[in-house]
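S.K.: Just one file: input.cif, with mmCIF, C-alpha atoms.
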data_work
#
loop_
_atom_site.group_PDB
_atom_site.id
_atom_site.type_symbol
_atom_site.label_atom_id
_atom_site.label_comp_id
_atom_site.auth_asym_id
_atom_site.auth_seq_id
_atom_site.Cartn_x
_atom_site.Cartn_y
_atom_site.Cartn_z
ATOM 1 C CA MET I 1 14.913 -0.128 -14.205
ATOM 2 C CA VAL I 2 15.869 2.168 -11.318
ATOM 3 C CA THR I 3 17.951 -0.612 -9.785
ATOM 4 C CA ASN I 4 19.622 -1.623 -13.035
ATOM 5 C CA LEU I 5 20.486 1.969 -13.925
ATOM 6 C CA LEU I 6 21.781 2.636 -10.403
ATOM 7 C CA LEU I 7 19.237 5.410 -9.849
ATOM 8 C CA ASN I 8 18.465 6.867 -6.454
ATOM 9 C CA PRO I 9 14.750 7.064 -5.550
ATOM 10 C CA ALA I 10 13.085 10.292 -6.659
ATOM 11 C CA THR I 11 11.970 12.669 -3.934
ATOM 12 C CA PRO I 12 8.988 15.057 -4.129
ATOM 13 C CA LEU I 13 9.482 18.449 -5.731
ATOM 14 C CA PRO I 14 8.631 20.450 -2.568
ATOM 15 C CA THR I 15 11.470 18.820 -0.605
ATOM 16 C CA GLN I 16 14.328 18.165 -2.992
ATOM 17 C CA GLY I 17 13.173 19.486 -6.358
ATOM 18 C CA THR I 18 13.716 16.174 -8.111
ATOM 19 C CA ASN I 19 10.201 14.810 -8.657
ATOM 20 C CA PHE I 20 7.906 16.726 -11.008
ATOM 21 C CA ALA I 21 5.310 13.937 -11.292
ATOM 22 C CA PHE I 22 1.630 14.816 -11.745
ATOM 23 C CA ALA I 23 -0.812 12.081 -12.684
ATOM 24 C CA GLY I 24 -3.291 13.182 -15.317
ATOM 25 C CA ALA I 25 -1.089 15.430 -17.449
ATOM 26 C CA LEU I 26 -1.841 15.827 -21.135
ATOM 27 C CA SER I 27 0.906 16.478 -23.680
ATOM 28 C CA SER I 28 -0.188 20.122 -23.773
ATOM 29 C CA SER I 29 -0.463 22.430 -20.763
ATOM 30 C CA ILE I 30 -3.775 20.826 -19.790
ATOM 31 C CA HIS I 31 -4.347 18.509 -16.830
ATOM 32 C CA VAL I 32 -7.363 16.200 -16.691
ATOM 33 C CA LEU I 33 -8.525 17.794 -13.417
ATOM 34 C CA ASP I 34 -8.229 21.409 -14.556
ATOM 35 C CA ASP I 35 -12.016 21.755 -14.892
ATOM 36 C CA ASP I 36 -12.870 19.610 -11.885
ATOM 37 C CA ILE I 37 -10.774 21.301 -9.204
ATOM 38 C CA LEU I 38 -10.475 24.856 -10.493
ATOM 39 C CA PRO I 39 -8.639 26.326 -7.464
ATOM 40 C CA LEU I 40 -5.921 23.694 -7.919
ATOM 41 C CA ALA I 41 -5.665 24.001 -11.703
ATOM 42 C CA PRO I 42 -2.470 26.121 -11.598
ATOM 43 C CA LEU I 43 -0.876 23.439 -9.416
ATOM 44 C CA LEU I 44 -1.725 20.568 -11.785
ATOM 45 C CA PRO I 45 0.600 21.027 -14.749
ATOM 46 C CA GLY I 46 0.392 19.422 -18.145
ATOM 47 C CA PHE I 47 3.524 18.274 -19.948
ATOM 48 C CA GLN I 48 4.387 21.714 -21.325
ATOM 49 C CA GLU I 49 4.014 23.336 -17.902
ATOM 50 C CA GLN I 50 6.206 20.641 -16.377
ATOM 51 C CA ILE I 51 8.917 21.620 -18.841
ATOM 52 C CA VAL I 52 8.494 25.265 -17.821
ATOM 53 C CA THR I 53 9.090 24.228 -14.212
ATOM 54 C CA PHE I 54 12.115 22.202 -15.272
ATOM 55 C CA ARG I 55 13.416 25.174 -17.261
ATOM 56 C CA THR I 56 13.096 27.382 -14.182
ATOM 57 C CA LEU I 57 14.981 24.856 -12.076
ATOM 58 C CA SER I 58 17.716 24.672 -14.721
ATOM 59 C CA THR I 59 18.649 28.277 -13.940
ATOM 60 C CA VAL I 60 19.695 27.035 -10.499
ATOM 61 C CA VAL I 61 20.832 23.484 -11.296
ATOM 62 C CA PRO I 62 22.249 23.284 -14.842
ATOM 63 C CA VAL I 63 20.904 20.553 -17.100
ATOM 64 C CA ASN I 64 23.256 17.575 -17.228
ATOM 65 C CA PRO I 65 24.198 16.768 -20.853
ATOM 66 C CA ASN I 66 25.246 13.258 -19.786
ATOM 67 C CA ALA I 67 21.768 12.445 -18.482
ATOM 68 C CA LEU I 68 19.195 10.226 -20.128
ATOM 69 C CA TYR I 69 15.832 11.937 -20.722
ATOM 70 C CA VAL I 70 12.926 9.521 -21.035
ATOM 71 C CA ILE I 71 9.719 10.752 -22.676
ATOM 72 C CA TRP I 72 6.467 8.791 -22.419
ATOM 73 C CA VAL I 73 3.331 10.884 -22.750
ATOM 74 C CA GLY I 74 0.146 11.131 -24.821
ATOM 75 C CA GLY I 75 -2.306 8.497 -23.651
ATOM 76 C CA ASN I 76 -4.285 10.952 -21.547
ATOM 77 C CA ASP I 77 -4.892 13.157 -24.577
ATOM 78 C CA TYR I 78 -6.767 10.406 -26.411
ATOM 79 C CA ASN I 79 -8.718 9.011 -23.466
ATOM 80 C CA GLU I 80 -9.702 12.509 -22.379
ATOM 81 C CA ALA I 81 -10.949 13.314 -25.885
ATOM 82 C CA PHE I 82 -13.794 10.853 -25.287
ATOM 83 C CA PHE I 83 -14.246 11.228 -21.538
ATOM 84 C CA ASN I 84 -14.139 15.039 -21.721
ATOM 85 C CA PRO I 85 -14.450 16.207 -25.361
ATOM 86 C CA ALA I 86 -14.001 19.836 -24.241
ATOM 87 C CA SER I 87 -10.314 19.027 -23.789
ATOM 88 C CA LEU I 88 -9.995 19.046 -27.578
ATOM 89 C CA GLY I 89 -10.714 22.765 -27.604
ATOM 90 C CA GLY I 90 -12.509 22.463 -30.932
ATOM 91 C CA LEU I 91 -9.729 20.444 -32.560
ATOM 92 C CA PRO I 92 -11.128 17.744 -34.874
ATOM 93 C CA LEU I 93 -10.418 14.299 -33.470
ATOM 94 C CA ALA I 94 -8.608 13.254 -36.635
ATOM 95 C CA GLN I 95 -6.053 16.022 -36.050
ATOM 96 C CA LEU I 96 -5.329 15.035 -32.456
ATOM 97 C CA PRO I 97 -2.411 12.663 -33.227
ATOM 98 C CA ASN I 98 -0.639 15.410 -35.142
ATOM 99 C CA ALA I 99 -1.141 17.882 -32.278
ATOM 100 C CA VAL I 100 -0.032 15.426 -29.585
ATOM 101 C CA THR I 101 3.096 14.337 -31.438
ATOM 102 C CA ASP I 102 3.921 17.988 -32.125
ATOM 103 C CA ASN I 103 3.691 18.615 -28.376
ATOM 104 C CA ILE I 104 6.056 15.732 -27.684
ATOM 105 C CA VAL I 105 8.662 16.757 -30.239
ATOM 106 C CA ASN I 106 8.407 20.400 -29.163
ATOM 107 C CA GLY I 107 9.001 19.279 -25.586
ATOM 108 C CA ILE I 108 12.094 17.372 -26.653
ATOM 109 C CA ALA I 109 13.283 20.427 -28.568
ATOM 110 C CA GLN I 110 12.894 22.586 -25.457
ATOM 111 C CA LEU I 111 14.830 20.115 -23.322
ATOM 112 C CA SER I 112 17.477 19.900 -26.035
ATOM 113 C CA SER I 113 17.804 23.682 -26.068
ATOM 114 C CA LEU I 114 18.513 23.528 -22.334
ATOM 115 C CA GLY I 115 21.366 21.093 -22.869
ATOM 116 C CA ALA I 116 19.758 17.646 -22.870
ATOM 117 C CA GLU I 117 21.399 15.375 -25.433
ATOM 118 C CA SER I 118 20.155 11.784 -24.996
ATOM 119 C CA PHE I 119 16.477 10.787 -25.104
ATOM 120 C CA LEU I 120 14.556 7.534 -24.758
ATOM 121 C CA VAL I 121 11.117 8.099 -26.301
ATOM 122 C CA ALA I 122 8.264 5.608 -25.918
ATOM 123 C CA ASN I 123 5.306 5.140 -28.224
ATOM 124 C CA LEU I 124 1.828 4.189 -26.989
ATOM 125 C CA PRO I 125 0.229 0.778 -26.496
ATOM 126 C CA SER I 126 -3.072 0.210 -28.273
ATOM 127 C CA LEU I 127 -5.352 2.285 -26.046
ATOM 128 C CA GLY I 128 -8.455 0.505 -27.301
ATOM 129 C CA GLU I 129 -7.354 -2.654 -25.493
ATOM 130 C CA ALA I 130 -7.584 -1.088 -22.021
ATOM 131 C CA PRO I 131 -10.646 -1.742 -19.816
ATOM 132 C CA PHE I 132 -11.444 1.981 -19.983
ATOM 133 C CA ALA I 133 -12.151 1.570 -23.696
ATOM 134 C CA ASP I 134 -14.682 -1.161 -22.916
ATOM 135 C CA PHE I 135 -16.367 1.249 -20.500
ATOM 136 C CA LEU I 136 -16.548 3.908 -23.220
ATOM 137 C CA ASP I 137 -17.996 1.377 -25.669
ATOM 138 C CA ALA I 138 -20.757 0.485 -23.205
ATOM 139 C CA VAL I 139 -21.594 4.069 -22.229
ATOM 140 C CA THR I 140 -21.618 5.545 -25.732
ATOM 141 C CA GLN I 141 -22.919 2.481 -27.563
ATOM 142 C CA ARG I 142 -20.162 3.125 -30.078
ATOM 143 C CA ASP I 143 -17.026 1.235 -31.021
ATOM 144 C CA ILE I 144 -14.687 3.654 -29.254
ATOM 145 C CA SER I 145 -12.126 0.873 -28.780
ATOM 146 C CA THR I 146 -11.497 0.671 -32.510
ATOM 147 C CA VAL I 147 -11.223 4.453 -32.796
ATOM 148 C CA LEU I 148 -8.715 4.564 -29.939
ATOM 149 C CA ASN I 149 -6.622 1.883 -31.621
ATOM 150 C CA GLN I 150 -6.716 3.834 -34.878
ATOM 151 C CA LEU I 151 -5.628 6.991 -33.061
ATOM 152 C CA THR I 152 -2.826 5.039 -31.391
ATOM 153 C CA GLN I 153 -1.629 3.743 -34.755
ATOM 154 C CA ALA I 154 -1.642 7.257 -36.220
ATOM 155 C CA HIS I 155 0.129 8.631 -33.141
ATOM 156 C CA ASN I 156 2.910 6.065 -33.290
ATOM 157 C CA ALA I 157 3.473 6.482 -37.027
ATOM 158 C CA LEU I 158 3.647 10.271 -36.740
ATOM 159 C CA LEU I 159 5.895 10.091 -33.693
ATOM 160 C CA THR I 160 8.362 7.838 -35.507
ATOM 161 C CA ALA I 161 8.478 10.143 -38.521
ATOM 162 C CA LYS I 162 8.810 13.346 -36.500
ATOM 163 C CA LEU I 163 11.499 11.940 -34.231
ATOM 164 C CA SER I 164 13.473 10.828 -37.266
ATOM 165 C CA SER I 165 13.188 14.293 -38.785
ATOM 166 C CA PHE I 166 14.176 15.954 -35.514
ATOM 167 C CA GLY I 167 17.152 13.655 -35.118
ATOM 168 C CA GLN I 168 18.376 14.490 -38.610
ATOM 169 C CA SER I 169 18.087 18.212 -37.928
ATOM 170 C CA GLN I 170 19.868 17.878 -34.568
ATOM 171 C CA PRO I 171 22.756 15.436 -35.148
ATOM 172 C CA SER I 172 24.179 16.074 -31.679
ATOM 173 C CA THR I 173 20.938 14.804 -30.119
ATOM 174 C CA LYS I 174 20.568 11.045 -29.668
ATOM 175 C CA ILE I 175 17.040 9.615 -29.740
ATOM 176 C CA ILE I 176 16.364 5.979 -28.849
ATOM 177 C CA SER I 177 12.901 4.545 -29.528
ATOM 178 C CA LEU I 178 11.066 2.460 -26.936
ATOM 179 C CA ASP I 179 8.465 0.260 -28.642
ATOM 180 C CA VAL I 180 5.852 -0.212 -25.931
ATOM 181 C CA ASN I 181 3.190 -0.907 -28.551
ATOM 182 C CA THR I 182 4.822 -4.115 -29.750
ATOM 183 C CA LEU I 183 5.428 -5.238 -26.169
ATOM 184 C CA PHE I 184 1.762 -4.842 -25.216
ATOM 185 C CA ALA I 185 0.646 -6.529 -28.442
ATOM 186 C CA ASP I 186 2.858 -9.511 -27.615
ATOM 187 C CA VAL I 187 1.527 -9.617 -24.055
ATOM 188 C CA LEU I 188 -2.085 -9.524 -25.245
ATOM 189 C CA ALA I 189 -1.420 -12.272 -27.786
ATOM 190 C CA ASN I 190 0.390 -14.580 -25.362
ATOM 191 C CA PRO I 191 -0.011 -13.436 -21.743
ATOM 192 C CA GLY I 192 1.248 -16.713 -20.295
ATOM 193 C CA ALA I 193 4.667 -16.165 -21.831
ATOM 194 C CA PHE I 194 4.968 -13.078 -19.638
ATOM 195 C CA GLY I 195 3.616 -14.666 -16.468
ATOM 196 C CA LEU I 196 0.174 -13.051 -16.774
ATOM 197 C CA THR I 197 -3.257 -14.661 -16.616
ATOM 198 C CA ASN I 198 -5.596 -11.675 -17.048
ATOM 199 C CA VAL I 199 -5.016 -8.972 -19.664
ATOM 200 C CA THR I 200 -8.574 -7.674 -20.060
ATOM 201 C CA GLU I 201 -9.840 -6.771 -16.580
ATOM 202 C CA PRO I 202 -8.597 -4.461 -13.806
ATOM 203 C CA CYS I 203 -7.039 -5.998 -10.723
ATOM 204 C CA LEU I 204 -9.267 -3.624 -8.731
ATOM 205 C CA THR I 205 -12.533 -5.556 -8.625
ATOM 206 C CA ASN I 206 -15.735 -3.958 -9.935
ATOM 207 C CA PHE I 207 -13.779 -0.830 -10.797
ATOM 208 C CA LYS I 208 -15.859 2.195 -11.833
ATOM 209 C CA PRO I 209 -14.927 5.740 -12.930
ATOM 210 C CA GLY I 210 -14.261 7.965 -9.970
ATOM 211 C CA PHE I 211 -11.873 5.349 -8.618
ATOM 212 C CA GLN I 212 -14.624 3.294 -7.020
ATOM 213 C CA PHE I 213 -13.932 -0.393 -6.497
ATOM 214 C CA ASP I 214 -14.834 -3.236 -4.156
ATOM 215 C CA GLY I 215 -11.435 -4.760 -3.539
ATOM 216 C CA ILE I 216 -8.074 -5.851 -4.915
ATOM 217 C CA CYS I 217 -7.434 -9.078 -6.762
ATOM 218 C CA SER I 218 -5.425 -11.734 -4.931
ATOM 219 C CA ASN I 219 -2.845 -12.057 -7.715
ATOM 220 C CA PRO I 220 -1.951 -8.561 -9.007
ATOM 221 C CA ASP I 221 1.328 -9.759 -10.520
ATOM 222 C CA GLU I 222 -0.722 -11.833 -12.970
ATOM 223 C CA PHE I 223 -2.789 -8.863 -14.203
ATOM 224 C CA LEU I 224 -1.872 -6.450 -16.988
ATOM 225 C CA PHE I 225 -4.109 -3.642 -15.693
ATOM 226 C CA TRP I 226 -4.329 -2.259 -12.161
ATOM 227 C CA ASP I 227 -7.411 -0.101 -12.799
ATOM 228 C CA ASP I 228 -9.173 0.740 -16.055
ATOM 229 C CA VAL I 229 -6.174 2.519 -17.616
ATOM 230 C CA HIS I 230 -3.019 1.999 -15.566
ATOM 231 C CA PRO I 231 -0.800 -1.067 -15.940
ATOM 232 C CA THR I 232 0.208 -3.065 -12.875
ATOM 233 C CA SER I 233 3.687 -3.088 -11.388
ATOM 234 C CA ALA I 234 4.238 -6.394 -13.189
ATOM 235 C CA ALA I 235 3.450 -4.713 -16.509
ATOM 236 C CA TYR I 236 5.742 -1.801 -15.746
ATOM 237 C CA ARG I 237 8.536 -4.267 -15.028
ATOM 238 C CA LEU I 238 8.054 -5.634 -18.540
ATOM 239 C CA VAL I 239 8.302 -2.103 -19.926
ATOM 240 C CA SER I 240 11.442 -1.588 -17.881
ATOM 241 C CA ASP I 241 13.002 -4.721 -19.375
ATOM 242 C CA VAL I 242 12.284 -3.499 -22.902
ATOM 243 C CA ALA I 243 13.667 -0.064 -22.048
ATOM 244 C CA LEU I 244 16.887 -1.570 -20.720
ATOM 245 C CA ALA I 245 17.214 -3.690 -23.860
ATOM 246 C CA ALA I 246 16.774 -0.589 -26.024
ATOM 247 C CA LEU I 247 19.492 1.202 -24.080
ATOM 248 C CA ASN I 248 21.852 -1.762 -24.225
ATOM 249 C CA ASN I 249 21.376 -1.992 -27.988
ATOM 250 C CA SER I 250 22.109 1.693 -28.503
ATOM 251 C CA ALA I 251 25.502 3.250 -29.016
ATOM 252 C CA PRO I 252 27.116 5.385 -26.285
ATOM 253 C CA PRO I 253 26.553 7.749 -24.603
ATOM 254 C CA ALA I 254 23.003 6.650 -23.872
ATOM 255 C CA SER I 255 23.800 3.050 -22.991
ATOM 256 C CA VAL I 256 27.014 3.765 -21.076
ATOM 257 C CA PRO I 257 26.872 7.263 -19.553
ATOM 258 C CA GLU I 258 30.132 8.837 -18.504
ATOM 259 C CA PRO I 259 30.829 8.897 -14.753
ATOM 260 C CA GLY I 260 29.663 11.956 -12.895
ATOM 261 C CA GLY I 261 26.540 13.487 -11.439
ATOM 262 C CA LEU I 262 24.203 11.929 -13.972
ATOM 263 C CA THR I 263 20.529 12.774 -14.157
ATOM 264 C CA ALA I 264 17.546 11.055 -15.767
ATOM 265 C CA VAL I 265 14.299 12.827 -16.578
ATOM 266 C CA PHE I 266 11.133 10.797 -17.000
ATOM 267 C CA VAL I 267 8.088 12.296 -18.677
ATOM 268 C CA MET I 268 5.196 9.868 -18.443
ATOM 269 C CA GLY I 269 1.552 9.785 -19.423
ATOM 270 C CA VAL I 270 0.947 6.629 -21.346
ATOM 271 C CA MET I 271 -2.561 5.566 -20.424
ATOM 272 C CA GLY I 272 -3.614 7.639 -17.496
ATOM 273 C CA ALA I 273 -0.676 9.321 -15.836
ATOM 274 C CA GLY I 274 1.577 12.236 -16.577
ATOM 275 C CA ALA I 275 4.874 12.987 -14.968
ATOM 276 C CA LEU I 276 8.171 14.723 -15.287
ATOM 277 C CA VAL I 277 10.586 13.111 -12.887
ATOM 278 C CA LYS I 278 14.199 14.140 -12.533
ATOM 279 C CA ARG I 279 16.476 11.612 -10.910
ATOM 280 C CA ARG I 280 20.155 11.752 -10.100
ATOM 281 C CA LEU I 281 22.248 8.760 -11.013
ATOM 282 C CA ARG I 282 24.878 7.575 -8.598
ATOM 283 C CA GLU I 283 28.447 8.556 -9.292
ATOM 284 C CA LYS I 284 29.075 5.472 -11.370
ATOM 285 C CA ALA I 285 28.897 4.441 -15.005
ATOM 286 C CA VAL I 286 26.193 2.043 -16.129
ATOM 287 C CA SER I 287 27.652 -1.091 -17.664
#
Would you mind writing the file out in structure tokens?
M.R.:
Amino acid sequence: MVTNLLLNPATPLPTQGTNFAFAGALSSSIHVLDDDILPLAPLLPGFQEQIVTFRTLSTVVPVNPNALYVIWVGGNDYNEAFFNPASLGGLPLAQLPNAVTDNIVNGIAQLSSLGAESFLVANLPSLGEAPFADFLDAVTQRDISTVLNQLTQAHNALLTAKLSSFGQSQPSTKIISLDVNTLFADVLANPGAFGLTNVTEPCLTNFKPGFQFDGICSNPDEFLFWDDVHPTSAAYRLVSDVALAALNNSAPPASVPEPGGLTAVFVMGVMGAGALVKRRLREKAVS
């Protein structure tokens, strides 16, 4: 996707101020390691804190209204609810999809208030199909996989409805949906059609929580999952293809940005990662 959109590689925040990525971010201000590495907690921002950092930077480098802002976050919230129930903060599990989707839409609203106009927003794949869900099933002796899939379904339905409502209230804001859920469902149903041979196990052999593993599979490009939650590079390429198709099927300005110093912001956190990445497009329109 970076190549096709003529994006320059992102550089780390400390050097160039363009990469806000932090694996493990929730859609709130929480990070999955907040309780594990307390001295570093202030340095491990959740999605909302990433936006605060972006807002601060915008006082120095104005937000580019011609940029494309890509939002993909939420998976950590649901996985963490079972791995670390304290992350719910007393919130009933059934209310989590409403809270997470509120966080996402509120984040979009904040970026919009800063001058962002075009957004590509991804839904979630069925989280119960990831190897991590199988681990939770075995440890808890409960059918957590089914619950995660139900939460995913509720999340995606609420996200669609709230984005539609937001778009109607902000006609100058363009929101394009990225249906990752359907893509992953198609891959799981017919992996061979996508060049994959294993869609149930991690490429990292004998993977265990704590990032312990014995080795790396010999054919990672044929696996859907790298570890117990993260997709492989091959899977991310499939997501990129779907994202490009969504952009190409949309009306300008999102599909054909005007020439200039264009910027793309990526906010990720689908299954086990969270990031806010700001990238500058080359001085050229995307055709």
S.K.: Compare I:Pro97, I:Gly195, I:Gly210, I:Pro62 by their minimum atom-to-atom distance to I:Phe223, counting only C-alpha atoms, and give me the closest one.
M.R.: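 So, comparing all the options, the nearest one is I:Gly195.
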S.K.: I need the residue set behind the PyMOL selection byres ((chain I and resi 214) around 12) for this file; please write it as number ranges by chain.
M.R.: I: 202-208, 211-213, 215-217, 227
S.K.: Please, what distance in Å, to one decimal, runs between atom CA of I:Ala154 and atom CA of I:Pro231?
M.R.: 21.9 Å
S.K.: Could you state the separation of atom CA of I:Tyr69 and atom CA of I:Ala235 in Å, given to one decimal place?
M.R.: 21.2 Å
S.K.: Would you please work out which residue, of I:Gln141, I:Gln110, I:Ser165, I:Thr182, is nearest to I:Phe54 when using all atoms listed in the file?
M.R.: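 Distance minimum relative to I:Phe54 lands on I:Gln110.
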S.K.: When you draw a straight line from atom CA of I:Val73 to atom CA of I:Ser172, how long is it in Å?
M.R.: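 About the pair atom CA of I:Val73 and atom CA of I:Ser172: they are 23.3 Å apart.
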S.K.: Using all atoms listed in the file, which of the listed residues (I:Asn149, I:Gln48, I:Ser233, I:Ser218) sits closest to I:Glu129?
M.R.: I:Asn149
S.K.: Within 9 Å of I:Ala99, counting all atoms listed in the file, which residues show up once you throw out same-chain ones fewer than 5 positions away? Write them as an MDAnalysis selection string, please.
M.R.: chainID I and resid 27:28 91 104
S.K.: Mind telling me what the PyMOL selection byres ((chain I and resi 127) around 8) catches here, as a ChimeraX atom specification?
M.R.: /I:75,79,124-126,128-130,133,145,148-149,152,271
S.K.: Please save C-alpha atoms of the selected residues as a PDB file, in the frame of the given file.
M.R.:
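The new file out-v3.pdb reads:
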ATOM      1  CA  GLY I  75      -2.306   8.497 -23.651  1.00  0.00           C
ATOM      2  CA  ASN I  79      -8.718   9.011 -23.466  1.00  0.00           C
ATOM      3  CA  LEU I 124       1.828   4.189 -26.989  1.00  0.00           C
ATOM      4  CA  PRO I 125       0.229   0.778 -26.496  1.00  0.00           C
ATOM      5  CA  SER I 126      -3.072   0.210 -28.273  1.00  0.00           C
ATOM      6  CA  GLY I 128      -8.455   0.505 -27.301  1.00  0.00           C
ATOM      7  CA  GLU I 129      -7.354  -2.654 -25.493  1.00  0.00           C
ATOM      8  CA  ALA I 130      -7.584  -1.088 -22.021  1.00  0.00           C
ATOM      9  CA  ALA I 133     -12.151   1.570 -23.696  1.00  0.00           C
ATOM     10  CA  SER I 145     -12.126   0.873 -28.780  1.00  0.00           C
ATOM     11  CA  LEU I 148      -8.715   4.564 -29.939  1.00  0.00           C
ATOM     12  CA  ASN I 149      -6.622   1.883 -31.621  1.00  0.00           C
ATOM     13  CA  THR I 152      -2.826   5.039 -31.391  1.00  0.00           C
ATOM     14  CA  MET I 271      -2.561   5.566 -20.424  1.00  0.00           C
TER      15      MET I 271
END
